[in-house]
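Participant: So that we are looking at the same thing, I have put the structure below in structure tokens.
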Amino acid sequence: MERADVERALADRLAKLHREEHGVLPDGTTAHLCGDLAIVRMRGVFTSPERAVLAEEGGRKRVALARHEHRSLVRRKVHSAVAEVLG
């Protein structure tokens, strides 16, 4: 499989995982492999309630804290998804 195909497969898999976890498919997802490092960028990842909270004063911090806690709970799923694609 070509590098571009692997990057696309990784981006697609992580976008799917994001939808499973948050109920929102990101507007755009790109992945880049740099040696043994994978960099994934997602755009448009917030849910409607999160966007409403972001508009409030201090909302950005509250959403960031909630996302940080959620990431700690699903870290193994993310690692499994990456391993599934990269082998």
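Residues in the structure tokens are named by chain (A, B, ... in the order shown) and by number from 1 within that chain; ligands are numbered from 1 in the order shown.
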If you run DSSP over the backbone, which residues in chain A end up strand (DSSP E or B)? Put them as a PyMOL selection string.
Facilitator: chain A and resi 28-34+37-43
Participant: Write to file, as a PDB file, in the first residue's frame, the residues of the selection just made, with N, CA and C atoms.
Facilitator:
```pdb
ATOM      1  N   GLY A  28     -13.302  17.779   8.037  1.00  0.00           N
ATOM      2  CA  GLY A  28     -12.128  17.380   7.272  1.00  0.00           C
ATOM      3  C   GLY A  28     -11.108  16.717   8.173  1.00  0.00           C
ATOM      4  N   THR A  29     -10.461  15.681   7.663  1.00  0.00           N
ATOM      5  CA  THR A  29      -9.439  14.967   8.420  1.00  0.00           C
ATOM      6  C   THR A  29      -8.276  14.676   7.487  1.00  0.00           C
ATOM      7  N   THR A  30      -7.073  15.024   7.939  1.00  0.00           N
ATOM      8  CA  THR A  30      -5.869  14.710   7.176  1.00  0.00           C
ATOM      9  C   THR A  30      -4.878  14.028   8.103  1.00  0.00           C
ATOM     10  N   ALA A  31      -4.117  13.133   7.559  1.00  0.00           N
ATOM     11  CA  ALA A  31      -3.087  12.431   8.320  1.00  0.00           C
ATOM     12  C   ALA A  31      -1.783  12.480   7.538  1.00  0.00           C
ATOM     13  N   HIS A  32      -0.691  12.583   8.272  1.00  0.00           N
ATOM     14  CA  HIS A  32       0.640  12.593   7.665  1.00  0.00           C
ATOM     15  C   HIS A  32       1.534  11.680   8.483  1.00  0.00           C
ATOM     16  N   LEU A  33       2.326  10.882   7.805  1.00  0.00           N
ATOM     17  CA  LEU A  33       3.296  10.022   8.466  1.00  0.00           C
ATOM     18  C   LEU A  33       4.677  10.641   8.312  1.00  0.00           C
ATOM     19  N   CYS A  34       5.346  10.807   9.440  1.00  0.00           N
ATOM     20  CA  CYS A  34       6.707  11.358   9.463  1.00  0.00           C
ATOM     21  C   CYS A  34       7.563  10.361  10.233  1.00  0.00           C
ATOM     22  N   LEU A  37       6.097   8.719  13.385  1.00  0.00           N
ATOM     23  CA  LEU A  37       5.144   9.649  13.970  1.00  0.00           C
ATOM     24  C   LEU A  37       3.972   9.850  13.017  1.00  0.00           C
ATOM     25  N   ALA A  38       2.764   9.756  13.549  1.00  0.00           N
ATOM     26  CA  ALA A  38       1.561  10.023  12.759  1.00  0.00           C
ATOM     27  C   ALA A  38       0.940  11.309  13.277  1.00  0.00           C
ATOM     28  N   ILE A  39       0.697  12.250  12.377  1.00  0.00           N
ATOM     29  CA  ILE A  39       0.072  13.518  12.727  1.00  0.00           C
ATOM     30  C   ILE A  39      -1.295  13.543  12.054  1.00  0.00           C
ATOM     31  N   VAL A  40      -2.340  13.724  12.853  1.00  0.00           N
ATOM     32  CA  VAL A  40      -3.709  13.740  12.332  1.00  0.00           C
ATOM     33  C   VAL A  40      -4.344  15.067  12.710  1.00  0.00           C
ATOM     34  N   ARG A  41      -4.928  15.731  11.734  1.00  0.00           N
ATOM     35  CA  ARG A  41      -5.592  17.013  11.954  1.00  0.00           C
ATOM     36  C   ARG A  41      -7.051  16.883  11.545  1.00  0.00           C
ATOM     37  N   MET A  42      -7.935  17.304  12.444  1.00  0.00           N
ATOM     38  CA  MET A  42      -9.371  17.270  12.166  1.00  0.00           C
ATOM     39  C   MET A  42      -9.925  18.677  12.279  1.00  0.00           C
ATOM     40  N   ARG A  43     -10.865  18.996  11.394  1.00  0.00           N
ATOM     41  CA  ARG A  43     -11.554  20.282  11.414  1.00  0.00           C
ATOM     42  C   ARG A  43     -13.049  20.037  11.553  1.00  0.00           C
TER      43      ARG A  43
END
```
Participant: Using only C-alpha atoms, can you tell me which of A:Val45, A:Gly87, A:Glu50, A:Ser80 comes closest to A:Arg62?
Facilitator: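 Among the listed residues, A:Glu50 lies closest to A:Arg62.
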Participant: List the neighbours of A:Pro26 out to 12 Å using only C-alpha atoms; skip same-chain residues closer than 4 positions along the sequence, and give me the result as a PyMOL selection string.
Facilitator: chain A and resi 11-22+30+40-47
Participant: For A:Val82, which residue among A:Asp27, A:Glu7, A:Glu56, A:Glu69 is the nearest when counting only C-alpha atoms?
Facilitator: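 The shortest atom-to-atom distance to A:Val82 comes from A:Glu7.
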Participant: Which residues are close to A:Val6, i.e. within 8 Å by only C-alpha atoms, leaving aside same-chain residues fewer than 5 positions away? Reply as a ChimeraX atom specification.
Facilitator: /A:1,85-86
Participant: Given the selection you just returned, output its residues as a file containing C-alpha atoms, formatted as a compact mmCIF listing (two decimals), in the first residue's frame.
Facilitator:
```
# COMPACT_ATOMS: atom_id res chain seq x y z
CA MET A 1 0.00 0.00 0.00
CA VAL A 85 -4.40 0.76 10.09
CA LEU A 86 -0.62 0.88 10.53
```
Participant: How far is it from atom CA of A:Glu84 to atom CA of A:Arg3, in Å with one decimal?
Facilitator: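 Pair atom CA of A:Glu84 / atom CA of A:Arg3 returns 15.4 Å.
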Participant: Considering only C-alpha atoms, can you say which of A:Arg51, A:Asp5, A:Leu10, A:Gly23 comes closest to A:Ala64?
Facilitator: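 Smallest separation from A:Ala64 among the options: A:Arg51.
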Participant: Where does DSSP see helix (DSSP H, G or I) in chain A, if you list the residues as a PyMOL selection string?
Facilitator: chain A and resi 3-22+48-54+59-86
Participant: Please produce a file of those selected residues containing C-alpha atoms, as a compact mmCIF listing (two decimals), in the first residue's frame.
Facilitator:
```
# COMPACT_ATOMS: atom_id res chain seq x y z
CA ARG A 3 2.06 6.01 1.79
CA ALA A 4 -0.78 8.29 0.62
CA ASP A 5 -3.20 5.35 0.85
CA VAL A 6 -2.07 4.58 4.40
CA GLU A 7 -2.45 8.24 5.40
CA ARG A 8 -5.96 8.36 3.90
CA ALA A 9 -6.93 5.09 5.62
CA LEU A 10 -5.68 6.43 8.95
CA ALA A 11 -7.58 9.71 8.51
CA ASP A 12 -10.76 7.84 7.56
CA ARG A 13 -10.51 5.41 10.50
CA LEU A 14 -9.95 8.17 13.06
CA ALA A 15 -12.79 10.26 11.59
CA LYS A 16 -15.06 7.22 11.94
CA LEU A 17 -13.93 6.74 15.55
CA HIS A 18 -14.63 10.42 16.25
CA ARG A 19 -18.15 10.00 14.89
CA GLU A 20 -18.71 6.90 17.03
CA GLU A 21 -17.54 8.72 20.16
CA HIS A 22 -18.99 12.21 19.62
CA SER A 48 -23.87 21.60 18.54
CA PRO A 49 -23.93 21.83 22.36
CA GLU A 50 -20.16 22.31 22.43
CA ARG A 51 -20.42 25.14 19.88
CA ALA A 52 -23.03 26.81 22.10
CA VAL A 53 -20.76 26.52 25.15
CA LEU A 54 -17.81 27.86 23.15
CA GLY A 59 -16.61 28.15 27.37
CA ARG A 60 -13.45 27.31 25.49
CA LYS A 61 -11.77 26.18 28.69
CA ARG A 62 -14.79 24.07 29.74
CA VAL A 63 -14.96 22.33 26.36
CA ALA A 64 -11.19 21.74 26.40
CA LEU A 65 -11.36 20.17 29.87
CA ALA A 66 -14.28 17.94 28.87
CA ARG A 67 -12.48 16.82 25.71
CA HIS A 68 -9.29 16.14 27.68
CA GLU A 69 -11.18 13.91 30.11
CA HIS A 70 -12.91 12.11 27.25
CA ARG A 71 -9.59 11.49 25.48
CA SER A 72 -8.21 9.82 28.60
CA LEU A 73 -11.20 7.45 28.54
CA VAL A 74 -10.91 6.50 24.85
CA ARG A 75 -7.11 6.55 24.46
CA ARG A 76 -6.97 2.76 24.07
CA LYS A 77 -9.59 2.86 21.30
CA VAL A 78 -7.51 5.45 19.44
CA HIS A 79 -4.34 3.38 19.85
CA SER A 80 -6.18 0.29 18.62
CA ALA A 81 -7.55 2.18 15.60
CA VAL A 82 -4.07 3.44 14.68
CA ALA A 83 -2.56 -0.03 15.13
CA GLU A 84 -5.36 -1.50 13.01
CA VAL A 85 -4.40 0.76 10.09
CA LEU A 86 -0.62 0.88 10.53
```
